[in-house]
$ cat model34.cif   # mmCIF, C-alpha atoms
data_model
loop_
_atom_site.label_atom_id
_atom_site.label_comp_id
_atom_site.auth_asym_id
_atom_site.auth_seq_id
_atom_site.Cartn_x
_atom_site.Cartn_y
_atom_site.Cartn_z
CA MET A 1013 0.00 0.00 0.00
CA ALA A 1014 2.75 2.43 1.00
CA ARG A 1015 4.74 1.51 -2.11
CA LEU A 1016 1.72 2.14 -4.28
CA LEU A 1017 1.24 5.52 -2.64
CA ALA A 1018 4.90 6.39 -3.12
CA SER A 1019 4.71 5.73 -6.86
CA LEU A 1020 1.60 7.91 -7.22
CA PRO A 1021 3.51 11.16 -8.00
CA PHE A 1022 5.29 9.37 -10.81
CA PHE A 1023 2.02 8.30 -12.41
CA ILE A 1024 0.49 11.74 -11.96
CA ALA A 1025 3.55 13.29 -13.67
CA LEU A 1026 3.34 10.72 -16.45
CA PHE A 1027 -0.36 11.40 -16.99
CA LEU A 1028 0.15 15.18 -17.05
CA GLY A 1029 3.13 14.80 -19.37
CA ILE A 1030 1.11 12.84 -21.90
CA PHE A 1031 -1.71 15.35 -21.63
CA PHE A 1032 0.62 18.32 -22.24
CA LEU A 1033 2.31 16.53 -25.12
CA TRP A 1034 -1.08 16.03 -26.70
CA GLY A 1035 -1.89 19.71 -26.13
CA LEU A 1036 1.35 20.88 -27.69
CA ASN A 1037 0.94 18.85 -30.86
CA PRO A 1038 1.19 21.47 -33.64
CA ASP A 1039 -1.21 19.50 -35.85
CA ARG A 1040 -3.98 19.76 -33.28
CA ASP A 1041 -6.21 22.73 -34.02
CA PRO A 1042 -8.61 23.39 -31.15
CA ASN A 1043 -10.51 25.88 -33.33
CA GLU A 1044 -11.38 23.25 -35.87
CA ILE A 1045 -15.09 22.65 -36.10
CA PRO A 1046 -15.90 19.16 -37.31
CA SER A 1047 -18.29 19.30 -40.24
CA VAL A 1048 -21.52 17.39 -39.80
CA LEU A 1049 -21.77 17.07 -43.57
CA ILE A 1050 -18.97 14.52 -44.00
CA ALA A 1051 -20.38 11.25 -45.37
CA GLN A 1052 -23.78 12.93 -45.62
CA PRO A 1053 -25.66 13.81 -48.80
CA VAL A 1054 -25.21 17.41 -49.96
CA PRO A 1055 -27.69 19.82 -48.38
CA GLU A 1056 -30.78 21.12 -50.11
CA PHE A 1057 -30.08 24.43 -51.86
CA GLN A 1058 -30.81 26.20 -55.09
CA LEU A 1059 -28.87 29.20 -56.32
CA GLU A 1060 -29.39 31.42 -59.33
CA ALA A 1061 -26.58 32.28 -61.70
CA ILE A 1062 -24.62 35.47 -61.12
CA GLU A 1063 -26.34 38.28 -62.95
CA GLY A 1064 -24.38 39.38 -65.99
CA LEU A 1065 -22.34 36.18 -66.21
CA SER A 1066 -22.89 33.42 -68.76
CA VAL A 1067 -22.15 30.65 -66.23
CA PRO A 1068 -25.16 28.58 -65.05
CA GLY A 1069 -26.33 28.61 -61.44
CA LEU A 1070 -25.90 25.83 -58.93
CA ALA A 1071 -28.36 23.56 -57.14
CA ARG A 1072 -28.29 20.31 -55.21
CA SER A 1073 -29.41 18.34 -58.26
CA ASP A 1074 -26.24 19.35 -60.15
CA LEU A 1075 -24.16 17.64 -57.49
CA VAL A 1076 -26.33 14.56 -57.01
CA ASN A 1077 -26.48 13.69 -60.72
CA ALA A 1078 -22.81 14.28 -61.48
CA SER A 1079 -20.80 11.49 -63.09
CA GLN A 1080 -17.56 12.56 -61.44
CA PRO A 1081 -16.46 13.89 -58.04
CA ILE A 1082 -16.84 17.64 -57.83
CA VAL A 1083 -15.01 20.34 -55.93
CA VAL A 1084 -17.36 22.95 -54.49
CA ASN A 1085 -15.58 26.16 -53.55
CA VAL A 1086 -17.17 28.96 -51.55
CA PHE A 1087 -15.66 32.28 -52.59
CA ALA A 1088 -16.29 36.01 -52.75
CA SER A 1089 -14.65 38.93 -54.48
CA TRP A 1090 -14.28 40.72 -51.12
CA CYS A 1091 -12.36 37.81 -49.67
CA VAL A 1092 -8.61 38.42 -49.96
CA PRO A 1093 -7.39 34.83 -49.36
CA CYS A 1094 -9.75 33.72 -52.18
CA ARG A 1095 -7.58 35.66 -54.58
CA ALA A 1096 -4.53 33.63 -53.56
CA GLU A 1097 -6.48 30.41 -53.70
CA HIS A 1098 -7.87 31.20 -57.15
CA ARG A 1099 -4.62 30.30 -58.90
CA VAL A 1100 -4.41 26.92 -57.14
CA LEU A 1101 -7.97 26.07 -58.13
CA THR A 1102 -7.38 27.19 -61.72
CA ASP A 1103 -4.30 24.94 -61.85
CA LEU A 1104 -6.29 21.98 -60.57
CA VAL A 1105 -8.90 22.50 -63.25
CA GLU A 1106 -6.45 23.08 -66.11
CA ARG A 1107 -3.81 20.48 -65.26
CA GLU A 1108 -5.73 17.78 -63.44
CA GLY A 1109 -9.08 18.16 -65.12
CA ILE A 1110 -11.13 18.37 -61.94
CA ARG A 1111 -14.66 19.75 -62.10
CA LEU A 1112 -15.05 22.89 -60.04
CA PHE A 1113 -18.34 24.45 -58.97
CA GLY A 1114 -18.54 27.71 -57.08
CA ILE A 1115 -20.77 29.32 -54.49
CA ASN A 1116 -20.39 33.07 -54.65
CA TYR A 1117 -21.00 33.98 -51.01
CA LYS A 1118 -22.64 37.32 -50.12
CA ASP A 1119 -21.15 39.09 -53.10
CA GLN A 1120 -22.51 41.81 -55.34
CA PRO A 1121 -22.99 40.35 -58.87
CA ALA A 1122 -21.12 43.25 -60.48
CA ASP A 1123 -18.14 42.77 -58.14
CA ALA A 1124 -18.08 39.04 -58.78
CA VAL A 1125 -18.17 39.54 -62.56
CA ARG A 1126 -15.30 42.04 -62.38
CA TRP A 1127 -13.29 39.72 -60.12
CA LEU A 1128 -13.77 36.74 -62.45
CA SER A 1129 -12.97 38.70 -65.60
CA GLU A 1130 -9.78 39.94 -63.99
CA LEU A 1131 -8.56 36.58 -62.65
CA GLY A 1132 -10.27 34.21 -65.06
CA ASN A 1133 -13.13 31.81 -64.38
CA PRO A 1134 -12.25 28.20 -63.58
CA TYR A 1135 -15.80 27.48 -62.37
CA GLU A 1136 -18.15 25.33 -64.42
CA ARG A 1137 -21.16 26.50 -62.46
CA ILE A 1138 -21.52 29.33 -59.96
CA GLY A 1139 -24.46 29.89 -57.65
CA SER A 1140 -24.97 33.38 -56.32
CA ASP A 1141 -25.64 33.18 -52.58
CA LEU A 1142 -26.61 36.78 -51.86
CA THR A 1143 -28.25 36.12 -48.50
CA GLY A 1144 -25.74 33.56 -47.25
CA ARG A 1145 -28.52 31.01 -46.70
CA ALA A 1146 -26.91 28.32 -48.84
CA GLY A 1147 -23.71 28.94 -46.90
CA ILE A 1148 -25.52 28.10 -43.68
CA GLU A 1149 -26.99 24.96 -45.26
CA TRP A 1150 -23.42 23.92 -46.00
CA GLY A 1151 -22.41 24.81 -42.44
CA ILE A 1152 -19.66 27.24 -43.42
CA SER A 1153 -18.07 29.57 -40.91
CA GLY A 1154 -16.42 31.87 -43.41
CA VAL A 1155 -14.86 32.11 -46.84
CA PRO A 1156 -13.07 30.47 -48.49
CA GLU A 1157 -14.17 26.93 -47.81
CA THR A 1158 -13.89 23.99 -50.12
CA PHE A 1159 -15.88 20.77 -50.22
CA ILE A 1160 -15.25 17.64 -52.21
CA VAL A 1161 -18.43 15.87 -53.23
CA GLY A 1162 -18.45 12.28 -54.46
CA GLU A 1163 -20.30 11.27 -57.60
CA THR A 1164 -23.34 10.09 -55.66
CA GLY A 1165 -23.70 13.51 -54.07
CA THR A 1166 -22.06 12.56 -50.77
CA VAL A 1167 -19.82 15.12 -49.13
CA LEU A 1168 -16.39 13.52 -48.75
CA TYR A 1169 -14.20 16.28 -47.43
CA ARG A 1170 -14.22 19.84 -46.19
CA TYR A 1171 -11.33 22.25 -46.17
CA VAL A 1172 -11.62 25.46 -44.16
CA GLY A 1173 -9.55 28.38 -45.37
CA PRO A 1174 -7.61 29.00 -48.55
CA ILE A 1175 -5.93 26.10 -50.32
CA ILE A 1176 -2.50 27.67 -50.56
CA GLY A 1177 0.89 26.26 -49.71
CA ASP A 1178 2.32 22.82 -50.33
CA GLU A 1179 0.68 21.14 -47.38
CA ALA A 1180 -2.84 22.28 -48.22
CA VAL A 1181 -2.41 21.40 -51.89
CA ARG A 1182 -1.06 17.97 -50.94
CA LYS A 1183 -4.00 17.34 -48.59
CA ILE A 1184 -6.57 18.27 -51.21
CA GLY A 1185 -4.67 16.29 -53.86
CA THR A 1186 -4.74 13.15 -51.75
CA VAL A 1187 -8.48 13.37 -51.23
CA LEU A 1188 -9.13 14.14 -54.88
CA LYS A 1189 -7.03 11.18 -55.90
CA GLN A 1190 -8.87 8.86 -53.53
CA ALA A 1191 -12.17 10.17 -54.81
CA GLY A 1192 -11.03 9.59 -58.39
CA ALA A 1193 -11.47 13.20 -59.43
CA PHE A 1194 -8.38 13.48 -61.60
CA ALA A 1195 -9.22 13.14 -65.29
CA SER A 1196 -5.93 11.50 -66.18
CA GLU A 1197 -6.68 8.37 -64.13
CA MET B 965 -14.99 71.30 -10.32
CA MET B 966 -12.10 69.38 -11.87
CA MET B 967 -12.32 66.80 -9.10
CA PHE B 968 -16.03 66.41 -9.70
CA ARG B 969 -15.46 65.78 -13.40
CA ILE B 970 -12.84 63.15 -12.69
CA LEU B 971 -15.18 61.52 -10.21
CA VAL B 972 -18.00 61.39 -12.76
CA ILE B 973 -15.71 59.87 -15.38
CA MET B 974 -14.50 57.25 -12.92
CA VAL B 975 -18.02 56.27 -11.94
CA VAL B 976 -19.11 56.04 -15.58
CA LEU B 977 -16.12 53.86 -16.41
CA LEU B 978 -17.01 51.51 -13.58
CA LEU B 979 -20.57 50.97 -14.81
CA PRO B 980 -21.12 47.55 -16.43
CA PRO B 981 -21.30 47.78 -20.23
CA VAL B 982 -24.98 46.89 -20.51
CA SER B 983 -25.32 48.33 -24.00
CA ALA B 984 -22.93 45.83 -25.61
CA TYR B 985 -25.55 44.05 -27.69
CA ALA B 986 -24.96 42.74 -31.16
CA VAL B 987 -28.64 42.32 -32.02
CA GLU B 988 -29.46 44.99 -34.56
CA PRO B 989 -32.77 46.86 -34.55
CA ASP B 990 -33.96 45.35 -37.84
CA GLU B 991 -33.60 41.85 -36.41
CA ILE B 992 -35.88 42.36 -33.42
CA LEU B 993 -39.28 40.72 -33.73
CA PRO B 994 -42.42 42.78 -33.08
CA ASP B 995 -43.77 40.08 -30.77
CA PRO B 996 -41.95 40.54 -27.41
CA VAL B 997 -42.61 36.94 -26.33
CA LEU B 998 -41.07 35.49 -29.49
CA GLU B 999 -38.20 37.97 -29.28
CA ALA B 1000 -37.49 36.92 -25.69
CA ARG B 1001 -37.44 33.28 -26.78
CA ALA B 1002 -35.15 34.16 -29.70
CA ARG B 1003 -32.74 35.92 -27.33
CA ASP B 1004 -32.82 32.95 -25.02
CA ILE B 1005 -32.06 30.49 -27.82
CA SER B 1006 -29.35 32.75 -29.25
CA LYS B 1007 -27.56 32.66 -25.92
CA LYS B 1008 -27.31 28.87 -26.18
CA LEU B 1009 -25.73 28.93 -29.64
CA ARG B 1010 -22.04 29.39 -30.22
CA CYS B 1011 -20.78 31.71 -32.91
CA VAL B 1012 -18.80 29.60 -35.38
CA VAL B 1013 -16.46 32.48 -36.20
CA CYS B 1014 -15.53 33.81 -32.76
CA GLN B 1015 -16.20 30.45 -31.09
CA ASN B 1016 -16.27 31.40 -27.41
CA GLN B 1017 -19.05 33.90 -27.86
CA ASP B 1018 -22.74 33.16 -28.21
CA ILE B 1019 -24.45 34.41 -31.36
CA ASP B 1020 -26.53 36.83 -29.29
CA SER B 1021 -23.46 38.94 -28.53
CA SER B 1022 -21.42 38.33 -31.67
CA ASN B 1023 -21.08 40.83 -34.49
CA ALA B 1024 -19.93 38.26 -37.03
CA GLY B 1025 -21.90 38.04 -40.27
CA VAL B 1026 -22.70 34.36 -39.84
CA ALA B 1027 -23.89 35.02 -36.28
CA ARG B 1028 -26.34 37.62 -37.61
CA ASP B 1029 -27.56 35.16 -40.26
CA LEU B 1030 -28.10 32.53 -37.59
CA ARG B 1031 -29.98 35.00 -35.37
CA LEU B 1032 -32.28 35.80 -38.28
CA MET B 1033 -32.72 32.10 -38.96
CA VAL B 1034 -33.63 31.41 -35.32
CA ARG B 1035 -36.28 34.13 -35.51
CA GLU B 1036 -37.63 32.77 -38.79
CA ARG B 1037 -38.02 29.32 -37.31
CA LEU B 1038 -39.84 30.78 -34.29
CA ILE B 1039 -42.28 32.64 -36.55
CA GLU B 1040 -42.88 29.36 -38.40
CA GLY B 1041 -44.04 27.97 -35.06
CA ASP B 1042 -41.10 25.80 -34.05
CA ASN B 1043 -40.56 25.14 -30.37
CA ASP B 1044 -37.20 25.98 -28.78
CA LYS B 1045 -35.85 22.47 -29.14
CA GLU B 1046 -36.76 22.30 -32.82
CA VAL B 1047 -34.94 25.57 -33.47
CA LEU B 1048 -31.82 24.33 -31.70
CA ASP B 1049 -31.99 21.04 -33.62
CA PHE B 1050 -32.34 22.94 -36.89
CA ILE B 1051 -29.08 24.83 -36.31
CA ARG B 1052 -27.42 21.73 -34.85
CA ALA B 1053 -28.20 19.75 -38.01
CA ARG B 1054 -26.04 22.21 -39.96
CA TYR B 1055 -23.23 22.98 -37.55
CA GLY B 1056 -23.14 19.93 -35.29
CA ASP B 1057 -22.95 19.66 -31.50
CA PHE B 1058 -20.21 22.26 -31.59
CA VAL B 1059 -22.73 25.13 -31.85
CA LEU B 1060 -24.37 24.20 -28.57
CA LEU B 1061 -22.66 26.04 -25.73
CA ASN B 1062 -24.04 23.38 -23.41
CA PRO B 1063 -22.55 20.13 -24.74
CA PRO B 1064 -25.06 17.25 -24.77
CA PHE B 1065 -24.31 14.11 -22.79
CA GLN B 1066 -22.92 11.47 -25.15
CA PRO B 1067 -20.35 8.67 -24.93
CA LYS B 1068 -17.88 11.14 -26.44
CA THR B 1069 -18.55 13.76 -23.76
CA ALA B 1070 -18.96 11.35 -20.85
CA VAL B 1071 -15.52 12.17 -19.44
CA LEU B 1072 -16.36 15.87 -19.50
CA TRP B 1073 -19.62 15.40 -17.62
CA LEU B 1074 -18.67 12.62 -15.22
CA THR B 1075 -15.21 13.73 -14.08
CA PRO B 1076 -16.45 16.36 -11.58
CA ALA B 1077 -18.93 13.87 -10.08
CA ALA B 1078 -16.23 11.18 -9.95
CA PHE B 1079 -13.89 13.58 -8.18
CA ALA B 1080 -16.59 14.44 -5.64
CA VAL B 1081 -17.22 10.74 -4.97
CA VAL B 1082 -13.51 10.02 -4.53
CA VAL B 1083 -13.03 12.94 -2.13
CA LEU B 1084 -16.12 12.06 -0.09
CA LEU B 1085 -15.05 8.41 0.11
CA ALA B 1086 -11.53 9.36 1.17
CA GLY B 1087 -12.95 11.68 3.82
CA ALA B 1088 -15.31 9.02 5.10
CA ILE B 1089 -12.55 6.43 5.31
CA ILE B 1090 -10.28 8.79 7.24
CA LEU B 1091 -13.08 9.66 9.67
CA VAL B 1092 -14.06 6.05 10.24
CA ARG B 1093 -10.47 4.98 10.85
CA HIS B 1094 -9.88 7.82 13.22
CA ARG B 1095 -12.93 6.97 15.28
CA SER B 1096 -12.52 3.22 15.40
CA LYS B 1097 -9.09 3.48 17.00
CA PRO B 1098 -9.40 1.78 20.43
CA CYS B 1099 -9.12 4.26 23.23
CA ALA B 1100 -8.73 3.09 26.81
CA ASP B 1101 -11.18 5.04 28.94
CA VAL B 1102 -9.92 3.81 32.27
CA LEU B 1103 -6.45 4.45 33.58
CA SER B 1104 -4.49 1.69 35.17
CA ALA B 1105 -3.47 1.93 38.85
CA GLU B 1106 0.09 2.79 37.85
CA GLU B 1107 -1.05 5.62 35.59
CA GLU B 1108 -3.33 6.97 38.29
CA ALA B 1109 -0.39 7.04 40.66
CA GLU B 1110 1.76 8.80 38.08
CA VAL B 1111 -0.89 11.47 37.51
CA ARG B 1112 -1.30 12.03 41.23
CA GLU B 1113 2.45 12.40 41.58
CA PHE B 1114 2.57 14.89 38.75
CA VAL B 1115 -0.28 17.01 40.07
CA LYS B 1116 1.29 17.08 43.48
CA ALA B 1117 4.59 18.19 42.05
CA GLN B 1118 2.88 20.93 40.05
CA GLN B 1119 1.06 22.21 43.11
CA ALA B 1120 4.31 22.31 45.00
CA GLY B 1121 5.61 24.67 42.37
CA ASN B 1122 8.17 22.20 41.23
CA ARG B 1123 7.81 22.50 37.50
CA THR B 1124 9.64 19.72 35.74
#

$ encode --input "model34.cif" --output "structure tokens"
Amino acid sequence: MARLLASLPFFIALFLGIFFLWGLNPDRDPNEIPSVLIAQPVPEFQLEAIEGLSVPGLARSDLVNASQPIVVNVFASWCVPCRAEHRVLTDLVEREGIRLFGINYKDQPADAVRWLSELGNPYERIGSDLTGRAGIEWGISGVPETFIVGETGTVLYRYVGPIIGDEAVRKIGTVLKQAGAFASE
Amino acid sequence: MMMFRILVIMVVLLLPPVSAYAVEPDEILPDPVLEARARDISKKLRCVVCQNQDIDSSNAGVARDLRLMVRERLIEGDNDKEVLDFIRARYGDFVLLNPPFQPKTAVLWLTPAAFAVVVLLAGAIILVRHRSKPCADVLSAEEEAEVREFVKAQQAGNRT
């Protein structure tokens, strides 16, 4: 009994040490909000096309009846990181042949048109979410956010924040590969 | 006069900031009962942008959208639980500031109770042990003699 009691500080220190090590792990992000959409069918939403743009709008049915996994990117012309991410997404579309749909979140149509004509439009479809309601259906907390939707309309993956930098690109690439989104394969 | 001014400023600075509301006038419902319920529900929902703030006091855009959505659901005739479930279906358990009891959260909920039980048990054991120690209530003849000797010595002023 006394021996057990004497070794107690050691075990307490060990327990705390493991706990602190877990807390210090740089890959652990306590701000990360797990998405409830993963492995769920895409939410119900229907968005008109951006006024003044010849790209069709976006609705749930476009994602459910797709023959290929689709990347859904939530963006806005007022969102600065989206500008940086735009090039990465364009590359994915041009080099890898992924299909990219966009949700233009709380953006003025004129601003969105100007933004896309300046940077180019990699999006096959863009829904204009003026009120931000579709954004809530998708459970977003801000822009940009990117979802990968499987061919049956099941949400496979969610990325919060801009896809910039090697690590983010690698992460997205891995998921896209697993989903079979690359045209070359 | 200067002193008075300083005093006034100090008192004003000490007042609690009651006016720090994020709810904007155009959001408030005409029906005070529904509005009160909306405020109540909003206080239970976490803002997904600022995270440790409820949506009732958050100025984030998404928080405003969620406040409007809560009010819309109330007008549609949802009860409080249905409104919370509606938001929860989109943002998960994370939006509830009061985490529900689940296998995943069992440690969170049960640890304080477990600690209380352990402490109470330890206290009880210590008390019981302390009390059950045998205590002789009668002194032996030798001890009596010793005490008598001691008292006598004390009275004689011979402090040993």

$ interface_residues --input "model34.cif" --of "chain A" --to "chain B" --cutoff "10 Å" --atoms "all atoms listed in the file" --output "PDB file with C-alpha atoms, in the frame of the given file"
ATOM      1  CA  ASN A1043     -10.510  25.880 -33.330  1.00  0.00           C
ATOM      2  CA  GLU A1044     -11.380  23.250 -35.870  1.00  0.00           C
ATOM      3  CA  ILE A1045     -15.090  22.650 -36.100  1.00  0.00           C
ATOM      4  CA  PRO A1046     -15.900  19.160 -37.310  1.00  0.00           C
ATOM      5  CA  SER A1047     -18.290  19.300 -40.240  1.00  0.00           C
ATOM      6  CA  VAL A1048     -21.520  17.390 -39.800  1.00  0.00           C
ATOM      7  CA  LEU A1049     -21.770  17.070 -43.570  1.00  0.00           C
ATOM      8  CA  PRO A1055     -27.690  19.820 -48.380  1.00  0.00           C
ATOM      9  CA  LYS A1118     -22.640  37.320 -50.120  1.00  0.00           C
ATOM     10  CA  THR A1143     -28.250  36.120 -48.500  1.00  0.00           C
ATOM     11  CA  GLY A1144     -25.740  33.560 -47.250  1.00  0.00           C
ATOM     12  CA  ARG A1145     -28.520  31.010 -46.700  1.00  0.00           C
ATOM     13  CA  GLY A1147     -23.710  28.940 -46.900  1.00  0.00           C
ATOM     14  CA  ILE A1148     -25.520  28.100 -43.680  1.00  0.00           C
ATOM     15  CA  GLU A1149     -26.990  24.960 -45.260  1.00  0.00           C
ATOM     16  CA  TRP A1150     -23.420  23.920 -46.000  1.00  0.00           C
ATOM     17  CA  GLY A1151     -22.410  24.810 -42.440  1.00  0.00           C
ATOM     18  CA  ILE A1152     -19.660  27.240 -43.420  1.00  0.00           C
ATOM     19  CA  SER A1153     -18.070  29.570 -40.910  1.00  0.00           C
ATOM     20  CA  GLY A1154     -16.420  31.870 -43.410  1.00  0.00           C
TER      21      GLY A1154
END

$ atom_distance --input "model34.cif" --atom1 "atom CA of A:Ala1122" --atom2 "atom CA of A:Arg1170"
28.3 Å

$ residues_around --input "model34.cif" --residues "A:Arg1111" --least-positions-apart "3" --cutoff "10 Å" --atoms "only C-alpha atoms" --output "number ranges by chain"
A: 1078, 1080-1084, 1104-1106, 1108, 1134-1137, 1193-1195

$ residues_around --input "model34.cif" --residues "A:Ala1051" --least-positions-apart "5" --cutoff "9 Å" --atoms "all atoms listed in the file" --output "count of residues only"
4

$ atom_distance --input "model34.cif" --atom1 "atom CA of A:Leu1065" --atom2 "atom CA of A:Ile1175"
25.0 Å
